[in-house]
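S.K.: One file is attached below, my_file_20.txt, containing compact mmCIF, C-alpha atoms.
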```txt
# COMPACT_ATOMS: atom_id res chain seq x y z
CA MET B 6 56.07 -17.09 7.17
CA SER B 7 56.77 -14.53 4.47
CA VAL B 8 56.10 -10.96 5.46
CA VAL B 9 55.25 -7.93 3.36
CA ARG B 10 58.32 -5.68 3.23
CA ASN B 11 57.04 -3.02 0.83
CA PRO B 12 53.92 -1.25 2.16
CA THR B 13 52.72 -0.49 -1.39
CA GLU B 14 51.86 -4.21 -1.69
CA LEU B 15 48.97 -3.49 0.68
CA GLY B 16 47.11 -2.18 -2.35
CA THR B 17 47.96 -5.02 -4.77
CA GLU B 18 48.51 -8.31 -2.91
CA LYS B 19 45.60 -10.71 -2.29
CA ILE B 20 43.61 -9.72 0.80
CA GLY B 21 43.67 -13.21 2.30
CA LYS B 22 47.46 -13.36 2.04
CA LEU B 23 47.86 -9.85 3.43
CA LEU B 24 45.57 -10.59 6.36
CA ALA B 25 47.58 -13.71 7.16
CA GLN B 26 50.87 -11.84 6.87
CA TYR B 27 49.78 -8.90 9.00
CA ALA B 28 47.27 -10.46 11.39
CA LEU B 29 49.01 -13.73 12.25
CA PRO B 30 52.07 -12.05 13.79
CA ALA B 31 49.78 -9.72 15.75
CA ILE B 32 47.54 -12.62 16.84
CA ILE B 33 50.53 -14.67 17.95
CA ALA B 34 51.91 -11.68 19.82
CA MET B 35 48.59 -10.76 21.47
CA THR B 36 47.91 -14.38 22.43
CA ALA B 37 51.35 -14.62 23.98
CA SER B 38 50.72 -11.37 25.84
CA SER B 39 47.36 -12.63 27.09
CA LEU B 40 48.88 -15.94 28.19
CA TYR B 41 51.44 -13.93 30.12
CA HIS B 42 48.69 -12.09 32.01
CA ILE B 43 47.00 -15.41 32.77
CA THR B 44 50.20 -17.03 34.04
CA ASP B 45 50.94 -13.82 35.94
CA SER B 46 47.60 -14.18 37.76
CA ILE B 47 48.30 -17.89 38.33
CA PHE B 48 51.68 -17.10 39.91
CA ILE B 49 50.08 -14.41 42.08
CA GLY B 50 47.13 -16.63 43.05
CA HIS B 51 49.27 -19.58 44.12
CA GLY B 52 52.37 -17.68 45.22
CA VAL B 53 50.79 -14.73 47.08
CA GLY B 54 47.17 -15.74 47.79
CA SER B 55 43.54 -15.51 46.69
CA LEU B 56 43.15 -11.98 48.09
CA ALA B 57 46.10 -10.90 45.95
CA ILE B 58 44.02 -11.84 42.87
CA SER B 59 41.32 -9.51 44.20
CA GLY B 60 43.93 -6.80 44.73
CA LEU B 61 45.13 -7.28 41.16
CA ALA B 62 41.53 -6.97 39.88
CA ILE B 63 41.27 -3.62 41.69
CA THR B 64 44.10 -2.29 39.50
CA PHE B 65 42.26 -3.05 36.24
CA PRO B 66 40.50 0.36 36.03
CA LEU B 67 43.75 2.24 36.54
CA MET B 68 45.50 0.01 33.99
CA ASN B 69 42.63 0.71 31.56
CA LEU B 70 42.99 4.43 32.14
CA ALA B 71 46.75 4.28 31.49
CA ALA B 72 46.04 2.27 28.34
CA ALA B 73 43.48 4.90 27.32
CA PHE B 74 46.12 7.64 27.20
CA GLY B 75 48.51 5.29 25.42
CA SER B 76 45.92 4.45 22.76
CA LEU B 77 44.98 8.13 22.38
CA VAL B 78 48.46 8.66 20.96
CA GLY B 79 49.46 5.24 19.63
CA ALA B 80 46.28 4.08 17.88
CA GLY B 81 45.69 7.46 16.28
CA ALA B 82 49.27 7.78 15.04
CA ALA B 83 49.29 4.20 13.68
CA THR B 84 46.09 4.78 11.70
CA LEU B 85 47.36 8.11 10.39
CA LEU B 86 50.65 6.47 9.39
CA SER B 87 48.81 3.74 7.42
CA ILE B 88 46.74 6.30 5.53
CA ARG B 89 49.79 8.48 4.72
CA MET B 90 51.74 5.46 3.47
CA GLY B 91 48.74 4.51 1.32
CA GLN B 92 49.10 7.98 -0.18
CA LYS B 93 52.89 7.40 -0.49
CA ASP B 94 53.59 10.44 1.70
CA TYR B 95 56.71 9.06 3.43
CA LYS B 96 57.98 12.47 4.57
CA THR B 97 54.88 13.02 6.71
CA ALA B 98 55.09 9.40 7.90
CA ASN B 99 58.51 10.09 9.42
CA ILE B 100 57.19 13.16 11.21
CA ILE B 101 54.27 11.10 12.58
CA LEU B 102 56.76 8.61 14.06
CA GLY B 103 58.74 11.34 15.84
CA ASN B 104 55.64 13.13 17.09
CA GLU B 105 54.25 9.85 18.41
CA LEU B 106 57.31 9.34 20.61
CA THR B 107 57.19 12.91 21.94
CA LEU B 108 53.51 12.68 22.79
CA ASN B 109 53.94 9.31 24.52
CA VAL B 110 56.66 10.73 26.76
CA ILE B 111 54.46 13.70 27.72
CA PHE B 112 51.33 11.60 28.37
CA GLY B 113 53.20 8.75 30.06
CA ILE B 114 55.04 10.90 32.59
CA GLY B 115 52.07 13.17 33.24
CA PHE B 116 49.75 10.25 33.99
CA SER B 117 52.24 8.61 36.35
CA VAL B 118 52.82 11.77 38.40
CA VAL B 119 49.11 12.43 38.95
CA ALA B 120 48.26 8.77 39.67
CA LEU B 121 51.12 8.29 42.16
CA ILE B 122 50.13 11.40 44.12
CA PHE B 123 46.52 10.20 44.56
CA LEU B 124 47.09 6.42 44.41
CA ASP B 125 45.34 5.33 47.64
CA PRO B 126 42.17 7.41 47.18
CA ILE B 127 41.97 6.20 43.57
CA LEU B 128 42.26 2.53 44.57
CA TYR B 129 39.62 2.87 47.31
CA PHE B 130 37.30 4.49 44.79
CA PHE B 131 37.98 1.62 42.39
CA GLY B 132 36.67 -0.91 44.93
CA ALA B 133 39.61 -1.67 47.22
CA SER B 134 39.04 -2.67 50.84
CA GLU B 135 41.42 -2.62 53.80
CA VAL B 136 42.51 -6.19 53.02
CA THR B 137 43.05 -5.78 49.27
CA ILE B 138 44.57 -2.30 48.99
CA PRO B 139 48.09 -3.36 50.09
CA TYR B 140 48.29 -5.71 47.11
CA ALA B 141 46.84 -3.18 44.66
CA ARG B 142 49.10 -0.39 45.96
CA ASP B 143 52.29 -2.46 45.75
CA PHE B 144 51.51 -3.57 42.19
CA MET B 145 50.51 -0.15 40.81
CA HIS B 146 53.36 1.76 42.44
CA VAL B 147 55.88 -0.18 40.33
CA ILE B 148 53.73 -0.18 37.17
CA LEU B 149 53.27 3.60 37.34
CA LEU B 150 57.01 4.16 37.71
CA GLY B 151 57.44 2.39 34.37
CA ASN B 152 54.34 3.81 32.69
CA VAL B 153 56.22 5.99 30.18
CA ILE B 154 58.21 2.92 29.10
CA SER B 155 54.97 1.00 28.55
CA HIS B 156 53.53 3.86 26.45
CA LEU B 157 56.62 4.04 24.25
CA TYR B 158 56.90 0.26 23.88
CA LEU B 159 53.25 -0.24 22.86
CA GLY B 160 53.26 2.85 20.64
CA LEU B 161 56.33 1.75 18.69
CA ASN B 162 54.87 -1.72 18.24
CA GLY B 163 51.87 -0.13 16.54
CA MET B 164 54.21 1.84 14.28
CA LEU B 165 56.07 -1.35 13.36
CA ARG B 166 52.84 -2.94 12.14
CA SER B 167 51.68 0.14 10.26
CA SER B 168 55.05 0.58 8.53
CA GLY B 169 54.96 -2.93 7.06
CA ARG B 170 56.85 -4.88 9.75
CA PRO B 171 54.30 -6.96 11.65
CA ASP B 172 56.98 -9.64 12.06
CA LYS B 173 59.09 -7.24 14.14
CA ALA B 174 56.06 -6.28 16.25
CA MET B 175 55.42 -9.96 16.90
CA VAL B 176 59.04 -10.56 17.90
CA ALA B 177 58.95 -7.63 20.32
CA THR B 178 55.78 -8.85 22.03
CA ILE B 179 56.81 -12.50 22.27
CA ALA B 180 60.25 -11.56 23.58
CA THR B 181 58.61 -9.36 26.23
CA VAL B 182 56.39 -12.27 27.27
CA MET B 183 59.28 -14.72 27.45
CA ILE B 184 61.35 -12.37 29.61
CA ASN B 185 58.27 -11.90 31.82
CA LEU B 186 57.72 -15.64 32.20
CA VAL B 187 61.30 -16.07 33.38
CA LEU B 188 61.34 -13.11 35.77
CA ASN B 189 57.86 -13.61 37.29
CA PRO B 190 58.44 -16.89 39.18
CA LEU B 191 61.98 -15.78 39.97
CA PHE B 192 60.83 -12.56 41.64
CA ILE B 193 57.75 -14.06 43.34
CA PHE B 194 58.95 -17.48 44.52
CA VAL B 195 62.75 -17.12 44.76
CA PHE B 196 63.24 -13.46 45.74
CA GLU B 197 59.88 -13.42 47.59
CA TRP B 198 58.97 -9.94 46.36
CA GLY B 199 55.27 -10.83 46.33
CA ILE B 200 52.98 -8.97 43.94
CA LYS B 201 55.68 -6.30 43.45
CA GLY B 202 57.82 -8.95 41.78
CA SER B 203 55.21 -9.44 39.08
CA ALA B 204 55.08 -5.70 38.42
CA TRP B 205 58.88 -5.43 38.20
CA ALA B 206 58.93 -8.32 35.71
CA THR B 207 56.56 -6.37 33.46
CA VAL B 208 58.54 -3.12 33.60
CA ILE B 209 61.94 -4.75 33.06
CA SER B 210 60.79 -6.87 30.09
CA GLN B 211 59.23 -3.87 28.35
CA THR B 212 62.36 -1.79 28.95
CA VAL B 213 64.57 -4.39 27.29
CA MET B 214 62.38 -4.56 24.18
CA LEU B 215 61.90 -0.78 24.00
CA ILE B 216 65.69 -0.47 23.58
CA TRP B 217 65.48 -3.01 20.73
CA GLN B 218 62.63 -1.09 19.05
CA LEU B 219 64.50 2.22 19.26
CA LYS B 220 67.55 0.58 17.69
CA PHE B 221 65.42 -0.74 14.83
CA PHE B 222 63.83 2.65 14.11
CA SER B 223 67.27 4.29 14.14
CA ASP B 224 68.16 2.42 10.92
CA LYS B 225 67.96 4.87 8.01
CA ASN B 226 67.42 1.99 5.57
CA ASN B 227 63.83 1.59 6.82
CA PHE B 228 60.87 3.25 5.07
CA ILE B 229 60.43 5.37 8.18
CA TYR B 230 63.05 6.06 10.83
CA LEU B 231 63.74 8.38 13.74
CA GLN B 232 64.86 11.89 12.80
CA LYS B 233 65.72 14.62 15.31
CA LYS B 234 63.65 17.24 13.55
CA ALA B 235 60.59 14.95 13.67
CA PHE B 236 60.40 15.09 17.49
CA LYS B 237 59.16 18.68 17.34
CA LEU B 238 55.38 18.59 17.58
CA HIS B 239 53.40 19.58 14.47
CA LYS B 240 49.97 20.97 15.24
CA LYS B 241 48.13 19.23 12.40
CA ILE B 242 49.73 15.83 13.03
CA VAL B 243 49.05 16.08 16.76
CA THR B 244 45.45 17.16 16.15
CA ASP B 245 44.79 14.45 13.55
CA SER B 246 46.45 11.70 15.64
CA LEU B 247 44.57 12.61 18.82
CA SER B 248 41.31 12.98 16.95
CA ILE B 249 41.58 9.49 15.39
CA GLY B 250 42.88 8.07 18.68
CA LEU B 251 39.93 9.56 20.55
CA SER B 252 37.82 6.48 19.80
CA PRO B 253 40.10 3.88 21.50
CA PHE B 254 40.84 6.44 24.23
CA LEU B 255 37.18 6.81 25.07
CA MET B 256 36.70 3.05 24.85
CA ASN B 257 39.45 2.46 27.42
CA ALA B 258 38.39 5.38 29.60
CA VAL B 259 34.81 4.16 29.68
CA SER B 260 36.11 0.63 30.37
CA CYS B 261 37.78 2.12 33.42
CA LEU B 262 34.43 3.49 34.61
CA ILE B 263 32.67 0.19 33.89
CA VAL B 264 35.22 -1.88 35.80
CA ILE B 265 34.88 0.50 38.76
CA VAL B 266 31.10 -0.05 38.78
CA ILE B 267 31.60 -3.83 38.44
CA ASN B 268 34.17 -3.97 41.25
CA GLN B 269 32.05 -1.86 43.58
CA GLY B 270 28.95 -3.91 42.78
CA LEU B 271 30.73 -7.22 43.32
CA LEU B 272 32.30 -5.99 46.57
CA ARG B 273 28.85 -4.94 47.78
CA THR B 274 26.99 -8.11 46.74
CA GLY B 275 29.68 -10.79 47.07
CA GLY B 276 32.69 -9.44 49.01
CA ASP B 277 36.40 -9.31 48.21
CA LEU B 278 36.53 -12.77 46.64
CA ALA B 279 33.77 -11.84 44.18
CA VAL B 280 36.09 -9.09 42.92
CA GLY B 281 38.78 -11.74 42.53
CA ALA B 282 36.34 -13.90 40.56
CA TYR B 283 35.89 -11.03 38.12
CA GLY B 284 39.67 -10.86 37.82
CA ILE B 285 39.70 -14.51 36.71
CA VAL B 286 36.73 -14.07 34.33
CA ASN B 287 38.42 -10.98 32.89
CA ARG B 288 41.69 -12.83 32.25
CA ILE B 289 39.97 -15.72 30.45
CA SER B 290 37.75 -13.53 28.30
CA PHE B 291 40.75 -11.42 27.33
CA LEU B 292 42.61 -14.50 26.12
CA PHE B 293 40.10 -14.75 23.26
CA LEU B 294 39.44 -11.03 22.90
CA MET B 295 43.16 -10.37 22.54
CA ILE B 296 43.22 -12.76 19.58
CA VAL B 297 40.48 -10.66 17.97
CA MET B 298 42.44 -7.52 18.86
CA GLY B 299 45.47 -9.02 17.13
CA LEU B 300 43.30 -9.66 14.09
CA ASN B 301 42.15 -6.03 14.26
CA GLN B 302 45.74 -4.83 14.43
CA GLY B 303 46.51 -6.80 11.30
CA MET B 304 43.39 -5.51 9.56
CA GLN B 305 44.07 -1.87 10.46
CA PRO B 306 47.00 -1.09 8.10
CA ILE B 307 45.36 -3.03 5.23
CA ALA B 308 42.02 -1.24 5.59
CA GLY B 309 43.69 2.14 6.20
CA TYR B 310 46.02 1.87 3.20
CA ASN B 311 43.30 0.75 0.76
CA PHE B 312 40.86 3.36 2.04
CA GLY B 313 43.53 6.01 1.51
CA ALA B 314 44.10 4.64 -2.00
CA MET B 315 40.29 4.61 -2.61
CA LEU B 316 40.25 0.85 -3.27
CA TYR B 317 36.86 0.31 -1.65
CA LYS B 318 36.31 -3.23 -2.91
CA ARG B 319 39.48 -4.33 -1.12
CA VAL B 320 38.35 -2.48 2.03
CA ASN B 321 35.10 -4.46 2.00
CA GLU B 322 36.92 -7.72 1.47
CA VAL B 323 39.32 -7.34 4.38
CA LEU B 324 36.42 -6.43 6.66
CA LYS B 325 34.34 -9.48 5.70
CA LYS B 326 37.26 -11.88 6.13
CA SER B 327 38.12 -10.35 9.51
CA ILE B 328 34.54 -10.74 10.77
CA ILE B 329 34.48 -14.44 9.80
CA VAL B 330 37.74 -15.18 11.62
CA ALA B 331 36.79 -13.13 14.70
CA THR B 332 33.43 -14.89 15.03
CA GLY B 333 35.17 -18.27 14.84
CA VAL B 334 37.55 -17.28 17.65
CA THR B 335 34.86 -16.05 20.03
CA THR B 336 32.64 -19.07 19.32
CA PHE B 337 35.55 -21.34 20.23
CA GLY B 338 36.00 -19.37 23.47
CA PHE B 339 32.34 -19.85 24.29
CA LEU B 340 32.61 -23.63 23.86
CA VAL B 341 35.77 -23.94 25.97
CA VAL B 342 34.24 -22.02 28.88
CA ARG B 343 30.93 -23.90 28.74
CA LEU B 344 32.69 -27.28 28.78
CA PHE B 345 35.51 -26.68 31.29
CA PRO B 346 34.57 -23.94 33.83
CA GLU B 347 35.85 -25.94 36.85
CA ALA B 348 39.25 -26.66 35.31
CA ILE B 349 39.66 -23.04 34.20
CA ALA B 350 38.90 -21.55 37.62
CA SER B 351 41.13 -24.09 39.39
CA LEU B 352 44.12 -22.92 37.36
CA PHE B 353 44.18 -19.68 39.31
CA THR B 354 43.46 -20.75 42.86
CA SER B 355 42.78 -23.66 45.20
CA ASP B 356 40.33 -21.57 47.24
CA ARG B 357 36.99 -23.41 46.88
CA GLU B 358 34.82 -20.32 47.38
CA LEU B 359 36.73 -18.35 44.74
CA ILE B 360 36.49 -21.29 42.31
CA GLU B 361 32.69 -21.47 42.67
CA LEU B 362 32.29 -17.70 42.25
CA SER B 363 34.48 -17.79 39.15
CA LYS B 364 32.62 -20.73 37.58
CA ASN B 365 29.32 -18.91 37.97
CA GLY B 366 30.73 -15.74 36.44
CA LEU B 367 32.26 -17.60 33.50
CA ARG B 368 29.06 -19.47 32.66
CA ILE B 369 26.93 -16.32 32.60
CA THR B 370 29.25 -13.76 30.97
CA PHE B 371 30.09 -16.07 28.04
CA ILE B 372 26.45 -16.64 26.99
CA THR B 373 26.65 -14.18 24.05
CA PHE B 374 30.41 -14.46 23.53
CA PRO B 375 30.16 -15.74 19.89
CA ILE B 376 28.85 -12.37 18.64
CA ILE B 377 31.49 -10.21 20.36
CA GLY B 378 34.05 -10.80 17.60
CA PHE B 379 31.77 -9.22 15.03
CA GLN B 380 31.15 -6.17 17.21
CA MET B 381 34.88 -5.65 17.91
CA VAL B 382 35.92 -5.90 14.25
CA THR B 383 33.20 -3.49 13.17
CA SER B 384 34.23 -0.89 15.75
CA ASN B 385 37.91 -1.16 14.79
CA PHE B 386 37.03 -0.97 11.09
CA PHE B 387 35.57 2.52 11.39
CA GLN B 388 38.66 3.65 13.33
CA SER B 389 40.97 2.10 10.71
CA ILE B 390 39.48 4.15 7.87
CA GLY B 391 39.48 7.39 9.88
CA MET B 392 35.70 7.62 10.48
CA VAL B 393 36.16 9.08 13.94
CA GLY B 394 32.55 9.89 14.76
CA LYS B 395 31.25 6.39 14.03
CA ALA B 396 34.17 4.75 15.80
CA ILE B 397 33.60 6.87 18.91
CA PHE B 398 29.88 6.08 18.94
CA MET B 399 30.54 2.34 18.69
CA SER B 400 33.20 2.56 21.39
CA LEU B 401 30.79 4.24 23.76
CA SER B 402 27.54 2.47 22.89
CA ARG B 403 28.22 -0.93 24.47
CA GLN B 404 29.77 0.50 27.62
CA LEU B 405 27.85 3.66 28.41
CA LEU B 406 24.51 3.29 26.65
CA PHE B 407 23.90 -0.41 27.29
CA LEU B 408 26.21 -1.93 29.93
CA LEU B 409 26.22 0.84 32.54
CA PRO B 410 22.40 1.01 32.89
CA CYS B 411 22.27 -2.79 33.19
CA LEU B 412 24.94 -2.76 35.91
CA LEU B 413 22.97 -0.18 37.87
CA ILE B 414 19.56 -1.88 37.48
CA PHE B 415 20.05 -5.68 37.31
CA PRO B 416 21.71 -6.19 40.75
CA HIS B 417 18.57 -4.82 42.45
CA TYR B 418 16.67 -7.83 41.08
CA TRP B 419 19.27 -10.63 40.80
CA GLY B 420 22.07 -9.62 43.19
CA ILE B 421 25.55 -10.70 42.13
CA ASN B 422 24.12 -12.57 39.10
CA GLY B 423 22.64 -9.28 37.93
CA ILE B 424 26.17 -7.96 37.48
CA TRP B 425 27.21 -11.02 35.48
CA TYR B 426 24.07 -10.93 33.30
CA SER B 427 24.65 -7.25 32.46
CA MET B 428 27.63 -8.08 30.26
CA PRO B 429 26.00 -10.48 27.75
CA ALA B 430 22.90 -8.28 27.62
CA ALA B 431 25.01 -5.28 26.57
CA ASP B 432 26.92 -7.37 24.01
CA LEU B 433 23.70 -8.45 22.32
CA ILE B 434 22.35 -4.90 21.97
CA ALA B 435 25.72 -3.49 20.84
CA SER B 436 26.06 -6.13 18.13
CA ILE B 437 22.64 -5.30 16.72
CA VAL B 438 23.63 -1.62 16.52
CA ALA B 439 26.97 -2.53 14.89
CA ALA B 440 25.20 -4.61 12.25
CA ALA B 441 22.89 -1.73 11.35
CA MET B 442 25.80 0.73 11.00
CA LEU B 443 27.83 -1.72 8.93
CA ILE B 444 25.01 -2.45 6.48
CA TYR B 445 24.58 1.28 5.91
CA GLN B 446 28.33 1.76 5.31
CA PHE B 447 28.50 -1.21 2.92
CA LYS B 448 25.79 0.36 0.78
CA LYS B 449 27.86 3.54 0.51
CA PHE B 450 30.98 1.62 -0.51
CA LYS B 451 29.07 -0.30 -3.17
CA THR B 452 27.90 3.01 -4.61
CA LYS B 453 31.50 4.21 -4.83
```
Take the structure I supplied and represent it as structure tokens, if you would.
M.R.:
Amino acid sequence: MSVVRNPTELGTEKIGKLLAQYALPAIIAMTASSLYHITDSIFIGHGVGSLAISGLAITFPLMNLAAAFGSLVGAGAATLLSIRMGQKDYKTANIILGNELTLNVIFGIGFSVVALIFLDPILYFFGASEVTIPYARDFMHVILLGNVISHLYLGLNGMLRSSGRPDKAMVATIATVMINLVLNPLFIFVFEWGIKGSAWATVISQTVMLIWQLKFFSDKNNFIYLQKKAFKLHKKIVTDSLSIGLSPFLMNAVSCLIVIVINQGLLRTGGDLAVGAYGIVNRISFLFLMIVMGLNQGMQPIAGYNFGAMLYKRVNEVLKKSIIVATGVTTFGFLVVRLFPEAIASLFTSDRELIELSKNGLRITFITFPIIGFQMVTSNFFQSIGMVGKAIFMSLSRQLLFLLPCLLIFPHYWGINGIWYSMPAADLIASIVAAAMLIYQFKKFKTK
């Protein structure tokens, strides 16, 4: 696959070719990453036990919160970098790279210290019980020790894509997954480290590839590279990066809140194994959503560059093509889950009760799955072109305005199924809102 080396080609090359060059590496990388998380859960389910899957599901809110602070820095800096490169302002682009690393170190260490001090109370609040908290605690203790590494690794991958090297970002992600897949069974089945082994596999693999990324960005032959003077924080760059990154931050932070409500509701209406069923449903849905996220990552530098260069026709084109591909992906996911729910659930566990709970959750939550791709692309589009207010609103609307009320009301009428039905209901409403906002924005672009 040929890859764009000169970022100025983002404004001249055919959109279809650019999207393939930028999105395919990200899609491959994100799919590999998602498959790792699935196999990780499979190893834990069969190597540690069904309750360990529930314990892993308890950690999702804290993982989302950690990702929120990572995206606050990384997503904002990557978008800002794309826009500056579209304006051919390479000096500022180098400063953005250095500031991004400094901010990730500050946020990564700060989050870990606070979370480790209050880890048990946090996990209980997130839906842990006496039987699941040992698994959740063991897993998160290791993950939090390596949190700053995770922030730096994911942040630099975003910078690789935005600086015209999606191939390098893909290599970094796939290599991380491959190292994980080797270490996971080794640590769980051979060394018998249990769920801690899975966490150590994650931290070690990211550490190895972070060293590789830092070496790449130390090469002065690149368009942007690490400079000592760039590590000093610049107020405007920090403010602009955090302001653009506020949208994905809020999305992840609100996701944390939503998963807490889901876990607590499932624990109350279905017990510990119901929480584990959500863990399985979450892993499968993310397999397809991560593909769309990879598409979004490929779209982001193209849309950002052309918006910065005021090439609005090209901005429209990349958006339309991204929506078509995303909708195809989520429709395929819907069909797979509807046809093979038993086989999917059985991959993770041999526990019959957990399999039945997971099948029920899969069938219900995937009802409106085909339209999710459209909603995700639209939300990311506004972030990519720096329209912070609209991106924040779309990030919050599905979770806070639509999903949360459903999660609080539906279980009173339909019990555990009320929790499952809340998700497709929120997706439907959010997609209608996204369509209205997009039509309005298209009219403005056509005017320009």
S.K.: Using only C-alpha atoms, which of B:Ser427, B:Ser246, B:Gln302, B:Thr274 sits nearest Leu108 (chain B)?
M.R.: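 For Leu108 (chain B), the nearest of the candidates is B:Ser246.
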S.K.: Output as a Markdown table one row per residue of region 89-156 of chain B within 7 Å of region 309-322 of chain B: the closest atom pair and its distance in Å to one decimal place, counting all atoms listed in the file, sorted by chain and residue number ascending.
M.R.:
```
| residue | atom | partner | partner_atom | distance |
| --- | --- | --- | --- | --- |
| B:Met90 | CA | B:Tyr310 | CA | 6.8 |
| B:Gly91 | CA | B:Tyr310 | CA | 4.2 |
| B:Gln92 | CA | B:Gly313 | CA | 6.1 |
```
S.K.: Out of B:Ser351, B:Asn185, B:Thr207, B:Ile263, which residue has the shortest atom-to-atom distance to Ser155 (chain B) when counting only C-alpha atoms?
M.R.: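 When distances to Ser155 (chain B) are compared using only C-alpha atoms, the smallest one comes from B:Thr207.
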S.K.: CA of Leu40 (chain B) and CA of Val208 (chain B), how far apart in Å?
M.R.: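 Distance between the two atoms: 16.9 Å.
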S.K.: Could you check the closest approach to Val53 (chain B) for each of B:Tyr140, B:Tyr95, B:Tyr41, B:Phe65 and tell me which residue wins, using only C-alpha atoms?
M.R.: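 Using only C-alpha atoms, Val53 (chain B) sits closest to B:Tyr140.
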S.K.: Need to verify the contact set: Cys411 (chain B), 12 Å, only C-alpha atoms, exclusion of same-chain residues closer than 3 positions in sequence. Can you return it as a ChimeraX atom specification?
M.R.: /B:263,266-267,270,403-408,414-419,422-432,434
S.K.: Against region 20-34 of chain B, which residues of region 92-192 of chain B fall within 9 Å? For each one I want the closest pair of atoms and the distance in Å (one decimal), counting only C-alpha atoms, rows by chain and increasing residue number, as CSV.
M.R.:
```
residue,atom,partner,partner_atom,distance
B:Arg166,CA,B:Tyr27,CA,7.4
B:Gly169,CA,B:Tyr27,CA,8.1
B:Arg170,CA,B:Tyr27,CA,8.2
B:Pro171,CA,B:Tyr27,CA,5.6
B:Asp172,CA,B:Pro30,CA,5.7
B:Lys173,CA,B:Pro30,CA,8.5
B:Ala174,CA,B:Ala31,CA,7.2
B:Met175,CA,B:Ala34,CA,4.9
B:Val176,CA,B:Ala34,CA,7.5
B:Ala177,CA,B:Ala34,CA,8.1
B:Thr178,CA,B:Ala34,CA,5.3
B:Ile179,CA,B:Ala34,CA,5.5
B:Val182,CA,B:Ala34,CA,8.7
```
S.K.: Save out the residues we just selected, C-alpha atoms, as a CSV table (one decimal), in the coordinates of the input.
M.R.:
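Writing done, so here's selection_30.csv:
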```csv
chain,number,residue,atom,x,y,z
B,166,ARG,CA,52.8,-2.9,12.1
B,169,GLY,CA,55.0,-2.9,7.1
B,170,ARG,CA,56.8,-4.9,9.8
B,171,PRO,CA,54.3,-7.0,11.6
B,172,ASP,CA,57.0,-9.6,12.1
B,173,LYS,CA,59.1,-7.2,14.1
B,174,ALA,CA,56.1,-6.3,16.2
B,175,MET,CA,55.4,-10.0,16.9
B,176,VAL,CA,59.0,-10.6,17.9
B,177,ALA,CA,59.0,-7.6,20.3
B,178,THR,CA,55.8,-8.8,22.0
B,179,ILE,CA,56.8,-12.5,22.3
B,182,VAL,CA,56.4,-12.3,27.3
```
S.K.: Can you pull out the residues contacting Gly81 (chain B)? Cut-off 9 Å, using all atoms listed in the file, and skip same-chain residues under 4 positions away; I want them as a PyMOL selection string.
M.R.: chain B and resi 76-77+85-86+245-253+388+391
S.K.: Show which residues sit within 8 Å of Val110 (chain B), as number ranges by chain. Count only C-alpha atoms, and ignore same-chain residues fewer than 4 positions away.
M.R.: B: 106, 114, 153, 156-157
S.K.: I'd like the interatomic distance between CA of Ala180 (chain B) and CA of Ala83 (chain B), to a tenth of an Å.
M.R.: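 Value for the CA of Ala180 (chain B)-CA of Ala83 (chain B) distance: 21.6 Å.
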S.K.: Env of Leu56 (chain B): 9 Å cut, atoms = all atoms listed in the file, seq-sep filter 3 positions within chain, self excluded. Answer as a PDB file with C-alpha atoms, in the frame of the given file.
M.R.:
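Generated file (around-v4.pdb):
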```
ATOM      1  CA  GLY B  50      47.130 -16.630  43.050  1.00  0.00           C
ATOM      2  CA  VAL B  53      50.790 -14.730  47.080  1.00  0.00           C
ATOM      3  CA  SER B  59      41.320  -9.510  44.200  1.00  0.00           C
ATOM      4  CA  GLY B  60      43.930  -6.800  44.730  1.00  0.00           C
ATOM      5  CA  LEU B  61      45.130  -7.280  41.160  1.00  0.00           C
ATOM      6  CA  VAL B 136      42.510  -6.190  53.020  1.00  0.00           C
ATOM      7  CA  THR B 137      43.050  -5.780  49.270  1.00  0.00           C
ATOM      8  CA  TYR B 140      48.290  -5.710  47.110  1.00  0.00           C
ATOM      9  CA  ASP B 277      36.400  -9.310  48.210  1.00  0.00           C
ATOM     10  CA  LEU B 278      36.530 -12.770  46.640  1.00  0.00           C
ATOM     11  CA  GLY B 281      38.780 -11.740  42.530  1.00  0.00           C
TER      12      GLY B 281
END
```
S.K.: Would you mind completing region 101-106 of chain B to N, CA and C atoms and writing the output as a short mmCIF file (atom, residue, chain, number, x, y, z; two decimals), in the coordinates of the input?
M.R.:
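Result file is rebuild.cif:
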```cif
data_model
loop_
_atom_site.label_atom_id
_atom_site.label_comp_id
_atom_site.auth_asym_id
_atom_site.auth_seq_id
_atom_site.Cartn_x
_atom_site.Cartn_y
_atom_site.Cartn_z
N ILE B 101 55.26 11.75 11.70
CA ILE B 101 54.27 11.10 12.58
C ILE B 101 54.99 10.21 13.60
N LEU B 102 56.01 9.47 13.15
CA LEU B 102 56.76 8.61 14.06
C LEU B 102 57.41 9.42 15.18
N GLY B 103 58.09 10.51 14.82
CA GLY B 103 58.74 11.34 15.84
C GLY B 103 57.76 11.99 16.78
N ASN B 104 56.66 12.50 16.25
CA ASN B 104 55.64 13.13 17.09
C ASN B 104 55.00 12.13 18.03
N GLU B 105 54.84 10.89 17.57
CA GLU B 105 54.25 9.85 18.41
C GLU B 105 55.11 9.59 19.64
N LEU B 106 56.42 9.55 19.48
CA LEU B 106 57.31 9.34 20.61
C LEU B 106 57.23 10.50 21.60
#
```
